[in-house]
Every structure is written in structure tokens, then in C-alpha cells.
$ cat entry20.txt   # compact mmCIF, C-alpha atoms
# COMPACT_ATOMS: atom_id res chain seq x y z
CA MET A 1 -96.27 8.24 73.22
CA LYS A 2 -99.60 7.59 71.50
CA ILE A 3 -100.34 8.17 67.84
CA SER A 4 -103.76 7.13 66.59
CA GLY A 5 -102.46 5.88 63.23
CA ILE A 6 -99.74 3.69 64.73
CA ASP A 7 -100.52 0.38 66.44
CA ASN A 8 -104.20 1.33 66.82
CA GLY A 9 -103.31 4.17 69.16
CA LYS A 10 -101.69 1.99 71.82
CA SER A 11 -99.00 3.79 73.78
CA PHE A 12 -95.37 2.91 73.17
CA ASP A 13 -92.03 4.02 74.55
CA PHE A 14 -88.75 3.27 72.79
CA GLY A 15 -87.03 4.28 76.02
CA ASN A 16 -88.03 0.93 77.49
CA THR A 17 -85.57 -0.77 75.13
CA SER A 18 -82.79 1.84 75.13
CA LYS A 19 -80.08 -0.48 76.41
CA ASP A 20 -80.92 -2.99 73.65
CA TYR A 21 -80.90 -0.19 71.06
CA ALA A 22 -77.48 0.89 72.31
CA LYS A 23 -76.13 -2.64 72.12
CA TYR A 24 -77.68 -3.95 68.89
CA ARG A 25 -79.08 -1.17 66.70
CA ASP A 26 -76.17 0.16 64.64
CA ILE A 27 -78.07 -0.88 61.54
CA TYR A 28 -77.05 1.23 58.56
CA PRO A 29 -74.66 -0.06 55.88
CA LYS A 30 -71.65 1.99 54.73
CA ASP A 31 -73.38 2.67 51.37
CA PHE A 32 -76.12 4.52 53.27
CA TYR A 33 -73.64 6.97 54.77
CA GLN A 34 -71.66 7.32 51.55
CA TYR A 35 -74.80 8.24 49.60
CA ILE A 36 -75.48 11.08 52.05
CA LEU A 37 -71.90 12.32 51.76
CA ASP A 38 -72.14 12.16 47.96
CA LEU A 39 -75.15 14.49 48.20
CA GLY A 40 -72.85 17.00 49.90
CA LEU A 41 -74.68 16.69 53.21
CA CYS A 42 -73.51 16.12 56.79
CA LYS A 43 -69.90 16.99 56.12
CA ASP A 44 -67.31 19.74 55.79
CA GLY A 45 -68.03 21.65 58.99
CA GLN A 46 -71.79 21.78 58.56
CA MET A 47 -73.97 22.27 61.64
CA VAL A 48 -76.40 19.32 61.75
CA LEU A 49 -79.46 18.69 63.91
CA ASP A 50 -80.55 15.04 64.12
CA ILE A 51 -84.22 14.65 65.05
CA GLY A 52 -85.29 11.40 66.74
CA THR A 53 -81.65 10.51 67.27
CA GLY A 54 -82.40 7.57 69.56
CA THR A 55 -79.04 6.30 70.78
CA GLY A 56 -77.23 8.58 68.36
CA VAL A 57 -76.46 5.97 65.69
CA PHE A 58 -76.60 8.44 62.81
CA PRO A 59 -74.49 11.26 64.31
CA ARG A 60 -71.96 8.85 65.80
CA ASN A 61 -71.37 7.18 62.44
CA MET A 62 -71.15 10.51 60.60
CA TYR A 63 -69.21 12.33 63.33
CA LYS A 64 -65.87 12.35 61.56
CA PHE A 65 -67.34 14.22 58.56
CA VAL A 66 -69.20 17.08 60.27
CA GLY A 67 -68.27 20.18 62.19
CA LYS A 68 -71.00 19.95 64.83
CA TRP A 69 -73.82 17.48 65.61
CA ILE A 70 -76.78 18.00 67.89
CA GLY A 71 -79.12 15.07 68.49
CA THR A 72 -82.60 15.26 69.99
CA ASP A 73 -85.08 12.60 70.94
CA ILE A 74 -88.32 12.52 72.91
CA SER A 75 -86.98 9.68 75.08
CA GLU A 76 -84.68 10.57 77.97
CA ASN A 77 -83.55 6.92 78.15
CA GLN A 78 -82.47 6.98 74.49
CA ILE A 79 -80.57 10.24 75.04
CA GLU A 80 -78.87 8.79 78.11
CA GLN A 81 -77.58 5.86 76.03
CA ALA A 82 -76.54 8.22 73.20
CA LYS A 83 -74.45 10.24 75.65
CA ILE A 84 -72.81 7.10 77.04
CA LEU A 85 -71.94 5.75 73.60
CA ALA A 86 -70.61 9.10 72.33
CA SER A 87 -68.54 9.56 75.48
CA LYS A 88 -66.97 6.11 75.08
CA GLN A 89 -65.89 7.16 71.58
CA ASN A 90 -64.64 10.61 72.72
CA MET A 91 -67.20 12.37 70.52
CA ASP A 92 -68.34 15.91 71.23
CA ILE A 93 -72.02 15.59 70.32
CA ASP A 94 -74.74 17.48 72.17
CA PHE A 95 -77.74 15.29 72.95
CA TYR A 96 -81.01 16.61 74.38
CA ALA A 97 -84.30 15.01 75.36
CA CYS A 98 -86.92 17.12 73.62
CA PRO A 99 -89.94 16.46 71.42
CA ALA A 100 -89.29 17.55 67.83
CA GLU A 101 -92.30 19.83 68.02
CA ASP A 102 -90.69 21.81 70.89
CA ILE A 103 -87.22 22.35 69.42
CA ASP A 104 -86.20 25.99 69.60
CA TYR A 105 -83.00 27.39 68.10
CA PRO A 106 -82.23 30.80 66.62
CA ASP A 107 -83.11 31.47 62.99
CA ASN A 108 -80.60 30.18 60.40
CA THR A 109 -78.72 27.89 62.82
CA PHE A 110 -78.44 24.62 60.88
CA ASP A 111 -77.02 23.61 57.52
CA VAL A 112 -78.83 20.26 57.69
CA ILE A 113 -81.67 18.75 59.69
CA THR A 114 -81.81 14.96 59.55
CA ILE A 115 -84.84 12.86 60.42
CA CYS A 116 -83.90 9.20 60.30
CA GLN A 117 -86.40 6.36 60.67
CA CYS A 118 -88.93 8.50 62.58
CA ILE A 119 -90.71 10.98 60.30
CA TRP A 120 -94.08 9.27 60.80
CA TYR A 121 -93.99 10.00 64.54
CA LEU A 122 -93.73 13.77 64.09
CA ASP A 123 -96.54 16.30 63.82
CA ALA A 124 -95.81 17.78 60.39
CA ALA A 125 -97.98 20.84 60.99
CA ALA A 126 -96.07 21.63 64.18
CA ILE A 127 -92.53 21.21 62.83
CA THR A 128 -92.66 22.55 59.27
CA GLU A 129 -92.41 26.30 59.85
CA ASN A 130 -90.03 25.93 62.80
CA PHE A 131 -87.62 23.67 60.92
CA ALA A 132 -87.69 26.04 57.93
CA ARG A 133 -86.89 28.91 60.31
CA ILE A 134 -83.91 27.24 62.02
CA LEU A 135 -82.41 26.05 58.73
CA LYS A 136 -80.01 28.40 56.97
CA PRO A 137 -81.36 29.85 53.70
CA ASP A 138 -79.54 27.18 51.67
CA GLY A 139 -80.06 24.49 54.33
CA LYS A 140 -81.44 21.04 53.64
CA MET A 141 -83.78 18.73 55.48
CA LEU A 142 -82.86 15.11 54.93
CA ILE A 143 -85.54 12.51 55.64
CA LEU A 144 -84.00 9.05 55.80
CA TYR A 145 -85.79 5.76 55.82
CA MET A 146 -84.66 2.23 55.20
CA GLY A 147 -87.14 -0.53 54.51
CA TRP A 148 -86.69 -4.18 53.84
CA LEU A 149 -87.92 -5.61 50.56
CA PRO A 150 -88.22 -9.39 50.24
CA TYR A 151 -86.83 -9.31 46.69
CA GLU A 152 -85.20 -6.90 44.24
CA ASP A 153 -87.68 -4.86 42.28
CA GLU A 154 -87.04 -2.36 39.46
CA ILE A 155 -89.68 0.07 40.71
CA ALA A 156 -88.59 0.02 44.35
$ encode --input "entry20.txt" --output "C-alpha cells"
Amino acid sequence: MKISGIDNGKSFDFGNTSKDYAKYRDIYPKDFYQYILDLGLCKDGQMVLDIGTGTGVFPRNMYKFVGKWIGTDISENQIEQAKILASKQNMDIDFYACPAEDIDYPDNTFDVITICQCIWYLDAAAITENFARILKPDGKMLILYMGWLPYEDEIA
């Protein structure tokens, strides 16, 4: 993948580190998941599409709260690891290797679309109308990002 605004346009491939991601990158604290549940999202039988799922960290940790998860990622290696990890935990999650810009589902399919830690890699012009189309009329798109701050700050 190459994006001109990221790393001066040098190509990168998260698939090269998929086994390390699978082993070490379960990074979100319990408060993170609880906040999402408190918003009424990703639970109670909702149909959820996770964009840029990587090794499936987000759907695997939220699996017990949702009716159905589908995870997509541009990297086949990441999806391979996601399938292995979900299988080891007896989780019925569908994972597909597919760029976010090429996702195609029928209108009004999803209650929630999640985009965790990857929004800046997506072509907003290419996904906006499609994601609006595949969301149910009262559906939500949840963009998640965690950043590290070196100290507590009232504004942040």
C-alpha cells in the first residue's frame, strides 16, 4: 500500500507483521469496549462490519455482545491470522480480505460499521456513499482511535 501523505509515500504492508500482530496486539483496555457498549453500539444482536479488522482484535473482544460480526482488511495475511485466532476461540466471525473501497453488500445490511485505528488509510470519497448505503437507516458508523498522550491534559 502507498499513500502519499503517510511516510512520504513509501510503500508499507501490515501483512508482513501479521504473526506479531496476532501474538502481541490485543491493545485495547476494558474501558474502551465498555464505552462503546454504553453508547448502545456493537451489542444486542446488531449486525456489525469491522473495516480494517487486522487480526480481528475488535470483533473478537466484542464477540459476546453482538449478533453477527464481519471483518474486512486489505491484507490477506492479517485476515489469515484473524481466522486462526477466531477459530481457536470457537467464534463464528466472517473475515474477508478486501479493500474498504471495494466492499459491496446489499442496501441496509449493517446496524454498525466500525473503523478502528485505520481511518486515515481509507479513501473517504470512495467509501462515504457506499457505507451510507449499506448502513440501515438508523445505523451508525463508529470511528475509533486511541492515541498516547505523554501527560494528562484537560483539553485532550
$ atom_distance --input "entry20.txt" --atom1 "CA of Gly52 in chain A" --atom2 "CA of Cys116 in chain A"
6.9 Å
$ residues_near_point --input "entry20.txt" --point "(-85.4, 16.3, 55.1)" --cutoff "9 Å" --atoms "all atoms listed in the file" --output "list of chain:residue names"
A:Val112, A:Ile113, A:Thr114, A:Ile115, A:Cys116, A:Lys140, A:Met141, A:Leu142, A:Ile143, A:Leu144
$ write_last_selection --input "entry20.txt" --atoms "C-alpha atoms" --output "compact mmCIF listing (two decimals), keeping the file's coordinate frame"
# COMPACT_ATOMS: atom_id res chain seq x y z
CA VAL A 112 -78.83 20.26 57.69
CA ILE A 113 -81.67 18.75 59.69
CA THR A 114 -81.81 14.96 59.55
CA ILE A 115 -84.84 12.86 60.42
CA CYS A 116 -83.90 9.20 60.30
CA LYS A 140 -81.44 21.04 53.64
CA MET A 141 -83.78 18.73 55.48
CA LEU A 142 -82.86 15.11 54.93
CA ILE A 143 -85.54 12.51 55.64
CA LEU A 144 -84.00 9.05 55.80
$ residues_around --input "entry20.txt" --residues "Leu122 in chain A" --least-positions-apart "6" --cutoff "9 Å" --atoms "only C-alpha atoms" --output "ChimeraX atom specification"
/A:99-101
$ residues_around --input "entry20.txt" --residues "Glu129 in chain A" --least-positions-apart "6" --cutoff "12 Å" --atoms "only C-alpha atoms" --output "ChimeraX atom specification"
/A:101,103-104,107,123,135
$ closest_residue --input "entry20.txt" --among "A:Pro150, A:Pro29, A:Pro137, A:Gly67" --to "Leu49 in chain A" --atoms "only C-alpha atoms"
A:Gly67
$ atom_distance --input "entry20.txt" --atom1 "CA of Asp44 in chain A" --atom2 "CA of Val66 in chain A"
5.5 Å
$ closest_residue --input "entry20.txt" --among "A:Gln46, A:Thr128, A:Thr53, A:Asn61" --to "Tyr33 in chain A" --atoms "all atoms listed in the file"
A:Asn61
